[in-house]
$ cat input_37.cif   # mmCIF, N, CA and C atoms
data_upload
loop_
_atom_site.label_atom_id
_atom_site.label_comp_id
_atom_site.auth_asym_id
_atom_site.auth_seq_id
_atom_site.Cartn_x
_atom_site.Cartn_y
_atom_site.Cartn_z
N MET A 585 -11.55 -23.32 15.86
CA MET A 585 -11.91 -22.05 15.29
C MET A 585 -10.90 -21.68 14.21
N LYS A 586 -11.40 -21.24 13.06
CA LYS A 586 -10.53 -20.87 11.95
C LYS A 586 -10.02 -19.44 12.11
N HIS A 587 -8.77 -19.22 11.73
CA HIS A 587 -8.21 -17.88 11.70
C HIS A 587 -8.38 -17.34 10.29
N LEU A 588 -9.03 -16.20 10.17
CA LEU A 588 -9.23 -15.58 8.87
C LEU A 588 -8.07 -14.64 8.59
N GLN A 589 -7.51 -14.75 7.42
CA GLN A 589 -6.42 -13.88 7.03
C GLN A 589 -6.96 -12.89 6.02
N HIS A 590 -6.83 -11.61 6.35
CA HIS A 590 -7.31 -10.56 5.47
C HIS A 590 -6.17 -10.10 4.58
N SER A 591 -6.39 -10.12 3.30
CA SER A 591 -5.38 -9.62 2.37
C SER A 591 -6.09 -8.78 1.31
N ILE A 592 -5.31 -7.92 0.67
CA ILE A 592 -5.84 -7.04 -0.35
C ILE A 592 -5.02 -7.24 -1.61
N SER A 593 -5.69 -7.19 -2.75
CA SER A 593 -5.01 -7.33 -4.03
C SER A 593 -4.63 -5.94 -4.52
N LEU A 594 -3.36 -5.74 -4.83
CA LEU A 594 -2.85 -4.45 -5.32
C LEU A 594 -2.29 -4.63 -6.72
N HIS A 595 -2.29 -3.56 -7.49
CA HIS A 595 -1.78 -3.58 -8.86
C HIS A 595 -0.55 -2.68 -8.94
N CYS A 596 0.59 -3.25 -9.35
CA CYS A 596 1.83 -2.49 -9.49
C CYS A 596 1.84 -1.79 -10.85
N PRO A 597 1.88 -0.45 -10.88
CA PRO A 597 1.90 0.25 -12.16
C PRO A 597 3.22 0.07 -12.93
N ALA A 598 4.30 -0.23 -12.24
CA ALA A 598 5.61 -0.38 -12.90
C ALA A 598 5.70 -1.66 -13.72
N CYS A 599 5.33 -2.79 -13.12
CA CYS A 599 5.44 -4.07 -13.83
C CYS A 599 4.09 -4.64 -14.25
N ARG A 600 3.02 -3.92 -13.91
CA ARG A 600 1.64 -4.30 -14.26
C ARG A 600 1.25 -5.68 -13.76
N THR A 601 1.72 -5.99 -12.57
CA THR A 601 1.42 -7.27 -11.95
C THR A 601 0.49 -7.04 -10.75
N ASN A 602 -0.44 -7.96 -10.54
CA ASN A 602 -1.27 -7.93 -9.35
C ASN A 602 -0.62 -8.81 -8.29
N PHE A 603 -0.61 -8.33 -7.06
CA PHE A 603 -0.08 -9.13 -5.96
C PHE A 603 -0.92 -8.87 -4.72
N GLU A 604 -0.86 -9.80 -3.79
CA GLU A 604 -1.64 -9.68 -2.56
C GLU A 604 -0.75 -9.24 -1.42
N PHE A 605 -1.32 -8.44 -0.55
CA PHE A 605 -0.60 -7.93 0.61
C PHE A 605 -1.51 -8.07 1.81
N ASP A 606 -0.96 -8.49 2.93
CA ASP A 606 -1.77 -8.72 4.13
C ASP A 606 -2.15 -7.43 4.84
N ALA A 607 -3.45 -7.25 5.07
CA ALA A 607 -4.02 -6.20 5.91
C ALA A 607 -3.27 -4.88 5.86
N VAL A 608 -3.27 -4.25 4.73
CA VAL A 608 -2.59 -2.97 4.57
C VAL A 608 -3.63 -1.85 4.63
N GLY A 609 -3.24 -0.72 5.23
CA GLY A 609 -4.13 0.43 5.33
C GLY A 609 -3.55 1.62 4.59
N GLU A 610 -4.14 2.79 4.80
CA GLU A 610 -3.69 4.00 4.13
C GLU A 610 -2.38 4.50 4.72
N HIS A 611 -1.55 5.11 3.91
CA HIS A 611 -0.26 5.69 4.29
C HIS A 611 0.74 4.63 4.78
N GLU A 612 0.69 3.44 4.20
CA GLU A 612 1.63 2.39 4.57
C GLU A 612 2.58 2.10 3.42
N TYR A 613 3.80 1.73 3.75
CA TYR A 613 4.84 1.41 2.78
C TYR A 613 4.60 0.01 2.23
N VAL A 614 4.62 -0.13 0.89
CA VAL A 614 4.42 -1.41 0.24
C VAL A 614 5.54 -1.61 -0.79
N HIS A 615 6.11 -2.80 -0.81
CA HIS A 615 7.19 -3.15 -1.73
C HIS A 615 6.66 -4.21 -2.68
N CYS A 616 6.73 -3.95 -4.00
CA CYS A 616 6.26 -4.94 -4.98
C CYS A 616 7.20 -6.14 -4.96
N PRO A 617 6.68 -7.33 -4.72
CA PRO A 617 7.53 -8.52 -4.65
C PRO A 617 8.05 -8.98 -6.01
N VAL A 618 7.48 -8.46 -7.09
CA VAL A 618 7.88 -8.89 -8.43
C VAL A 618 9.01 -8.02 -8.97
N CYS A 619 8.81 -6.69 -9.01
CA CYS A 619 9.82 -5.81 -9.63
C CYS A 619 10.63 -5.01 -8.62
N GLY A 620 10.19 -4.98 -7.35
CA GLY A 620 10.95 -4.28 -6.32
C GLY A 620 10.62 -2.81 -6.17
N SER A 621 9.62 -2.29 -6.89
CA SER A 621 9.25 -0.89 -6.77
C SER A 621 8.66 -0.61 -5.39
N ASP A 622 8.88 0.60 -4.91
CA ASP A 622 8.40 1.01 -3.59
C ASP A 622 7.21 1.96 -3.73
N TYR A 623 6.20 1.74 -2.90
CA TYR A 623 4.98 2.55 -2.96
C TYR A 623 4.50 2.88 -1.55
N VAL A 624 3.62 3.89 -1.51
CA VAL A 624 2.87 4.22 -0.30
C VAL A 624 1.40 4.09 -0.69
N THR A 625 0.61 3.50 0.17
CA THR A 625 -0.80 3.34 -0.14
C THR A 625 -1.53 4.65 0.07
N LYS A 626 -2.50 4.92 -0.80
CA LYS A 626 -3.28 6.15 -0.74
C LYS A 626 -4.72 5.79 -1.05
N LYS A 627 -5.64 6.29 -0.23
CA LYS A 627 -7.05 5.98 -0.43
C LYS A 627 -7.66 6.97 -1.41
N MET A 628 -8.33 6.43 -2.43
CA MET A 628 -9.05 7.23 -3.42
C MET A 628 -10.47 6.69 -3.48
N GLY A 629 -11.39 7.40 -2.86
CA GLY A 629 -12.76 6.91 -2.76
C GLY A 629 -12.79 5.71 -1.84
N SER A 630 -13.32 4.60 -2.34
CA SER A 630 -13.36 3.38 -1.52
C SER A 630 -12.21 2.43 -1.86
N LYS A 631 -11.32 2.85 -2.78
CA LYS A 631 -10.22 1.99 -3.20
C LYS A 631 -8.90 2.43 -2.60
N LEU A 632 -8.00 1.48 -2.46
CA LEU A 632 -6.65 1.74 -1.99
C LEU A 632 -5.72 1.66 -3.19
N MET A 633 -4.99 2.74 -3.47
CA MET A 633 -4.13 2.84 -4.64
C MET A 633 -2.67 2.91 -4.20
N LEU A 634 -1.77 2.62 -5.12
CA LEU A 634 -0.34 2.72 -4.86
C LEU A 634 0.20 4.01 -5.47
N GLU A 635 0.99 4.73 -4.68
CA GLU A 635 1.63 5.96 -5.14
C GLU A 635 3.14 5.76 -5.02
N ALA A 636 3.88 6.17 -6.05
CA ALA A 636 5.34 5.99 -6.04
C ALA A 636 5.95 6.60 -4.79
N PHE A 637 6.93 5.92 -4.22
CA PHE A 637 7.59 6.37 -3.00
C PHE A 637 9.06 6.63 -3.29
N GLU A 638 9.48 7.87 -3.06
CA GLU A 638 10.89 8.24 -3.18
C GLU A 638 11.53 8.04 -1.81
N HIS A 639 12.70 7.47 -1.76
CA HIS A 639 13.33 7.15 -0.48
C HIS A 639 13.71 8.37 0.33
N ASN A 640 13.70 9.56 -0.26
CA ASN A 640 14.03 10.76 0.49
C ASN A 640 12.78 11.47 1.01
N GLN A 641 11.58 10.95 0.74
CA GLN A 641 10.37 11.58 1.23
C GLN A 641 9.91 10.88 2.50
N THR A 642 9.07 11.56 3.27
CA THR A 642 8.51 10.99 4.48
C THR A 642 7.03 10.69 4.24
N ILE A 643 6.52 9.73 4.97
CA ILE A 643 5.11 9.38 4.88
C ILE A 643 4.36 10.29 5.82
N GLU A 644 3.41 11.07 5.28
CA GLU A 644 2.66 12.00 6.10
C GLU A 644 1.46 11.30 6.72
N GLU A 645 1.39 11.40 8.03
CA GLU A 645 0.25 10.85 8.75
C GLU A 645 -0.79 11.95 8.92
N PRO A 646 -2.07 11.62 8.83
CA PRO A 646 -3.09 12.65 9.03
C PRO A 646 -3.07 13.17 10.46
N ALA A 647 -3.34 14.45 10.61
CA ALA A 647 -3.34 15.08 11.95
C ALA A 647 -4.57 14.59 12.72
N ILE A 648 -4.38 14.34 14.00
CA ILE A 648 -5.47 13.92 14.88
C ILE A 648 -5.68 15.02 15.90
N TYR A 649 -6.90 15.54 15.94
CA TYR A 649 -7.22 16.61 16.88
C TYR A 649 -8.10 16.08 17.98
N ALA A 650 -7.76 16.47 19.22
CA ALA A 650 -8.53 15.99 20.37
C ALA A 650 -9.68 16.90 20.67
#
$ encode --input "input_37.cif" --output "structure tokens"
Amino acid sequence: MKHLQHSISLHCPACRTNFEFDAVGEHEYVHCPVCGSDYVTKKMGSKLMLEAFEHNQTIEEPAIYA
């Protein structure tokens, strides 16, 4: 049986390079392997975008109500 590896292609706005990242979701920390810029993933419509991450900010998780 084959193991399928899910990856997503992301575009770094700082160095304008495309790179692949394994199974990333919304509100996750991503580090560009080319230029070293730090990002947090943000969902916009059906796409996953990169938003600049400042090291003094926290990643906000959506509230879950029971």
$ resolve_selection --input "input_37.cif" --expression "the PyMOL selection byres ((chain A and resi 636) around 8)" --output "MDAnalysis selection string"
chainID A and resid 621:625 633:635 637:639
$ resolve_selection --input "input_37.cif" --expression "the PyMOL selection byres ((chain A and resi 609) around 8)" --output "ChimeraX atom specification"
/A:606-608,610-613,624-627,632
$ atom_distance --input "input_37.cif" --atom1 "CA of Ser591 (chain A)" --atom2 "atom C of Phe603 (chain A)"
8.4 Å
$ atom_distance --input "input_37.cif" --atom1 "atom C of Cys596 (chain A)" --atom2 "CA of Lys631 (chain A)"
14.8 Å
$ atom_distance --input "input_37.cif" --atom1 "atom C of Ser630 (chain A)" --atom2 "CA of His595 (chain A)"
13.9 Å
$ axis_aligned_box --input "input_37.cif" --around "region 607-620 of chain A" --padding-each-side "8 Å" --output "AutoDock Vina command-line options"
--center_x 3.4 --center_y -1.6 --center_z -1.9 --size_x 31.1 --size_y 30.7 --size_z 31.5
